[in-house]
Amino acid sequence: MRAEVRKGYLFQPQSVLTLQGLIERVLETEGISKEDIESQREKMRLFEEFLSIPDEHLKPFVDEHDEQLDATFFQLASLALQSTRDPKAREAAASRLERAIEWSTFGQRLKAQEQELKAATESLQALSEKGLTREGLLELFLQAPNHERVVALVNLTRPALDYLFFQQLSERIDAAAGEEKQRLETLRGQILEVTQEIDRMQQARAAQAAALLRSLLEAPDLDEALRQAMPLIDDLFLGTLQANLQVAEERGNGEALERLRQIDQRLRAILRDSLPPGLRFVQQILEQEDPQAAEEILRAEPERIDDEVLNSLMATAQRLEDSGDKESAQRVRDLYKLALKLSMGAKMGQPKS
């Protein structure tokens, strides 16, 4: 789409303001300071201005506000991007954000971090082929060429950075002397700082997921609240929802259980409706508890079985296999084989069987 055409599809301010209101309610629930909330408001106002300026003024705008175009700005912009229902508006705003990332100091840092993340991933893959151990992981950190690589390695291996890992690093420090000892102490400080920051972020995300769930439990209009909340729904929130469902069921809290089930069911419906047709078909099949019922759905509509459906079934079977659920994996593989047979039959004009 040409830039001049995209201009007509920029966000309506109301959609941004509605999302900001939801974010503020979640933050207020968690006791976030008014100063921090006001800072986020400023970022959202900046984003609205960013969307409304003429295309030819975009580069000067980025240069002028370079310091303000930070991680928070782009995170809020991404949430706002997800909250719009108009695909053309989303495309137009996404195009602007891509250019802003390319031109901004934050974007340049992000690009460098992505390069280091790629290098760190490759080094871990090479190590995994030999057998991943704490000693091998420690060597990767010791050989890290810069701070960005250390950050990337910590992000990729945080669960493995336990007491024994730091004990081994401390032993290396104790055995070193001079500049090498100082270098290792600095490295330990960097690793600790990044791990603590990751842990704080995880705790904050968990708290925000809990606050979002509370706001949905109290919402007078659940459908509208869910619509506004969709940009904030992630795996952590879904896990929080399931954990609360289990607790409510165990405690026999009927009122809370009913509301949580409403949230769960409507959220599943929204997520299902947002899937491409092929994946919706797969979801419908996999939701059947009775294997016979799943097979009947496949047999009833073989024309809907395409590469997307087949690939999704195979990928699901592989994920279940990797997680150790061999029984479910075999069930999905059986469905895949049937789907493949029906698909080939449909292409050859054979009757359903």
# chains A, B, ... in the order shown; residues from 1 in each chain; ligands from 1
call {"tool": "select_by_dssp", "arguments": {"residues": "stretch 161-348 of chain A", "states": "alpha helix (DSSP H)", "output": "MDAnalysis selection string"}}
result
chainID A and resid 163:175 178:218 222:229 235:251 254:274 277:286 291:300 307:322 326:347
call {"tool": "residues_around", "arguments": {"residues": "A:Asn155", "least_positions_apart": "4", "cutoff": "8 Å", "atoms": "only C-alpha atoms", "output": "compact mmCIF listing (two decimals) with C-alpha atoms, in the first residue's frame"}}
result
# COMPACT_ATOMS: atom_id res chain seq x y z
CA VAL A 151 22.47 -10.04 28.32
CA THR A 195 18.90 -12.06 36.19
CA ILE A 198 14.38 -10.54 34.47
call {"tool": "atom_distance", "arguments": {"atom1": "atom CA of A:Leu213", "atom2": "atom CA of A:Asp264"}}
result
10.7 Å
call {"tool": "atom_distance", "arguments": {"atom1": "atom CA of A:Thr133", "atom2": "atom CA of A:Val194"}}
result
20.8 Å
call {"tool": "residues_around", "arguments": {"residues": "A:Asn146", "least_positions_apart": "4", "cutoff": "12 Å", "atoms": "only C-alpha atoms", "output": "mmCIF file with N, CA and C atoms, in the first residue's frame"}}
result
data_model
loop_
_atom_site.group_PDB
_atom_site.id
_atom_site.type_symbol
_atom_site.label_atom_id
_atom_site.label_comp_id
_atom_site.auth_asym_id
_atom_site.auth_seq_id
_atom_site.Cartn_x
_atom_site.Cartn_y
_atom_site.Cartn_z
ATOM 1 N N ALA A 112 21.223 -4.169 17.359
ATOM 2 C CA ALA A 112 22.466 -4.753 17.873
ATOM 3 C C ALA A 112 22.169 -5.899 18.834
ATOM 4 N N GLN A 113 21.143 -5.718 19.664
ATOM 5 C CA GLN A 113 20.761 -6.772 20.604
ATOM 6 C C GLN A 113 20.265 -8.013 19.870
ATOM 7 N N GLU A 116 23.221 -9.936 18.643
ATOM 8 C CA GLU A 116 23.862 -10.676 19.726
ATOM 9 C C GLU A 116 23.005 -11.856 20.177
ATOM 10 N N LEU A 117 21.688 -11.670 20.143
ATOM 11 C CA LEU A 117 20.789 -12.763 20.509
ATOM 12 C C LEU A 117 20.929 -13.921 19.523
ATOM 13 N N ALA A 119 23.611 -14.597 17.734
ATOM 14 C CA ALA A 119 24.914 -15.220 17.971
ATOM 15 C C ALA A 119 24.879 -16.093 19.225
ATOM 16 N N ALA A 120 24.207 -15.608 20.271
ATOM 17 C CA ALA A 120 24.106 -16.383 21.508
ATOM 18 C C ALA A 120 23.319 -17.670 21.281
ATOM 19 N N LEU A 140 30.702 -20.221 27.930
ATOM 20 C CA LEU A 140 30.093 -19.280 26.979
ATOM 21 C C LEU A 140 30.056 -17.872 27.562
ATOM 22 N N PHE A 141 29.723 -17.781 28.839
ATOM 23 C CA PHE A 141 29.709 -16.467 29.487
ATOM 24 C C PHE A 141 31.120 -15.891 29.581
ATOM 25 N N LEU A 142 32.080 -16.738 29.905
ATOM 26 C CA LEU A 142 33.460 -16.264 30.040
ATOM 27 C C LEU A 142 34.013 -15.772 28.706
ATOM 28 N N VAL A 150 26.323 -11.003 26.930
ATOM 29 C CA VAL A 150 25.997 -11.490 28.275
ATOM 30 C C VAL A 150 24.493 -11.385 28.516
ATOM 31 N N VAL A 151 23.913 -10.245 28.150
ATOM 32 C CA VAL A 151 22.470 -10.041 28.324
ATOM 33 C C VAL A 151 21.688 -11.080 27.528
ATOM 34 N N ALA A 152 22.116 -11.320 26.290
ATOM 35 C CA ALA A 152 21.427 -12.297 25.445
ATOM 36 C C ALA A 152 21.506 -13.695 26.052
ATOM 37 N N LEU A 153 22.673 -14.074 26.535
ATOM 38 C CA LEU A 153 22.842 -15.400 27.131
ATOM 39 C C LEU A 153 21.985 -15.559 28.388
ATOM 40 N N ARG A 183 37.920 -8.812 35.899
ATOM 41 C CA ARG A 183 37.025 -9.057 34.761
ATOM 42 C C ARG A 183 35.923 -10.037 35.138
ATOM 43 N N THR A 186 33.386 -8.437 37.447
ATOM 44 C CA THR A 186 32.488 -7.577 36.667
ATOM 45 C C THR A 186 31.452 -8.414 35.931
ATOM 46 N N LEU A 187 31.906 -9.524 35.369
ATOM 47 C CA LEU A 187 30.988 -10.426 34.664
ATOM 48 C C LEU A 187 29.920 -10.962 35.610
ATOM 49 N N GLN A 190 27.376 -8.350 36.216
ATOM 50 C CA GLN A 190 26.486 -8.167 35.069
ATOM 51 C C GLN A 190 25.425 -9.259 35.010
#
call {"tool": "closest_residue", "arguments": {"among": "A:Ala225, A:Leu236, A:Ala80, A:Leu298", "to": "A:Ile263", "atoms": "only C-alpha atoms"}}
result
A:Ala225
call {"tool": "residues_around", "arguments": {"residues": "stretch 258-261 of chain A", "least_positions_apart": "2", "cutoff": "12 Å", "atoms": "only C-alpha atoms", "output": "PyMOL selection string"}}
result
chain A and resi 213-220+222+238+240-249+252-256+263-268
call {"tool": "write_last_selection", "arguments": {"atoms": "C-alpha atoms", "output": "PDB file, in the first residue's frame"}}
result
ATOM      1  CA  LEU A 213      -8.068 -10.980  35.736  1.00  0.00           C
ATOM      2  CA  ARG A 214      -9.508  -9.093  38.717  1.00  0.00           C
ATOM      3  CA  SER A 215     -10.658  -6.289  36.427  1.00  0.00           C
ATOM      4  CA  LEU A 216     -12.450  -8.852  34.244  1.00  0.00           C
ATOM      5  CA  LEU A 217     -14.049 -10.502  37.264  1.00  0.00           C
ATOM      6  CA  GLU A 218     -15.450  -7.132  38.321  1.00  0.00           C
ATOM      7  CA  ALA A 219     -16.372  -5.839  34.852  1.00  0.00           C
ATOM      8  CA  PRO A 220     -20.097  -5.066  34.444  1.00  0.00           C
ATOM      9  CA  LEU A 222     -17.626  -8.783  30.277  1.00  0.00           C
ATOM     10  CA  LEU A 238      -4.040 -17.733  30.377  1.00  0.00           C
ATOM     11  CA  THR A 240      -3.191 -17.328  35.682  1.00  0.00           C
ATOM     12  CA  LEU A 241      -6.785 -17.863  34.588  1.00  0.00           C
ATOM     13  CA  GLN A 242      -6.424 -21.656  34.631  1.00  0.00           C
ATOM     14  CA  ALA A 243      -4.746 -21.582  38.051  1.00  0.00           C
ATOM     15  CA  ASN A 244      -7.608 -19.509  39.475  1.00  0.00           C
ATOM     16  CA  LEU A 245     -10.155 -21.855  37.927  1.00  0.00           C
ATOM     17  CA  GLN A 246      -8.495 -24.794  39.646  1.00  0.00           C
ATOM     18  CA  VAL A 247      -8.352 -23.033  43.022  1.00  0.00           C
ATOM     19  CA  ALA A 248     -12.005 -21.941  42.809  1.00  0.00           C
ATOM     20  CA  GLU A 249     -13.037 -25.487  41.944  1.00  0.00           C
ATOM     21  CA  GLY A 252     -15.995 -24.935  46.047  1.00  0.00           C
ATOM     22  CA  ASN A 253     -16.356 -21.201  45.436  1.00  0.00           C
ATOM     23  CA  GLY A 254     -19.359 -21.443  43.135  1.00  0.00           C
ATOM     24  CA  GLU A 255     -19.800 -17.751  42.347  1.00  0.00           C
ATOM     25  CA  ALA A 256     -16.152 -17.167  41.457  1.00  0.00           C
ATOM     26  CA  ILE A 263     -14.241 -15.579  31.111  1.00  0.00           C
ATOM     27  CA  ASP A 264     -12.546 -18.788  29.991  1.00  0.00           C
ATOM     28  CA  GLN A 265     -15.317 -19.787  27.576  1.00  0.00           C
ATOM     29  CA  ARG A 266     -15.722 -16.355  26.001  1.00  0.00           C
ATOM     30  CA  LEU A 267     -11.983 -15.894  25.725  1.00  0.00           C
ATOM     31  CA  ARG A 268     -11.647 -19.260  23.998  1.00  0.00           C
TER      32      ARG A 268
END
call {"tool": "residues_around", "arguments": {"residues": "A:Leu124", "least_positions_apart": "2", "cutoff": "12 Å", "atoms": "only C-alpha atoms", "output": "JSON, numbers by chain"}}
result
{"A": [117, 118, 119, 120, 121, 122, 126, 127, 128, 129, 130, 131, 132, 133, 134, 136, 137, 138, 139, 140, 141, 149, 152, 153, 154, 156, 157]}
call {"tool": "atom_distance", "arguments": {"atom1": "atom CA of A:Leu279", "atom2": "atom CA of A:Glu308"}}
result
7.2 Å
call {"tool": "residues_around", "arguments": {"residues": "A:Ala269", "least_positions_apart": "5", "cutoff": "12 Å", "atoms": "only C-alpha atoms", "output": "PyMOL selection string"}}
result
chain A and resi 223+226-227+262-264+274-275+280+283-284
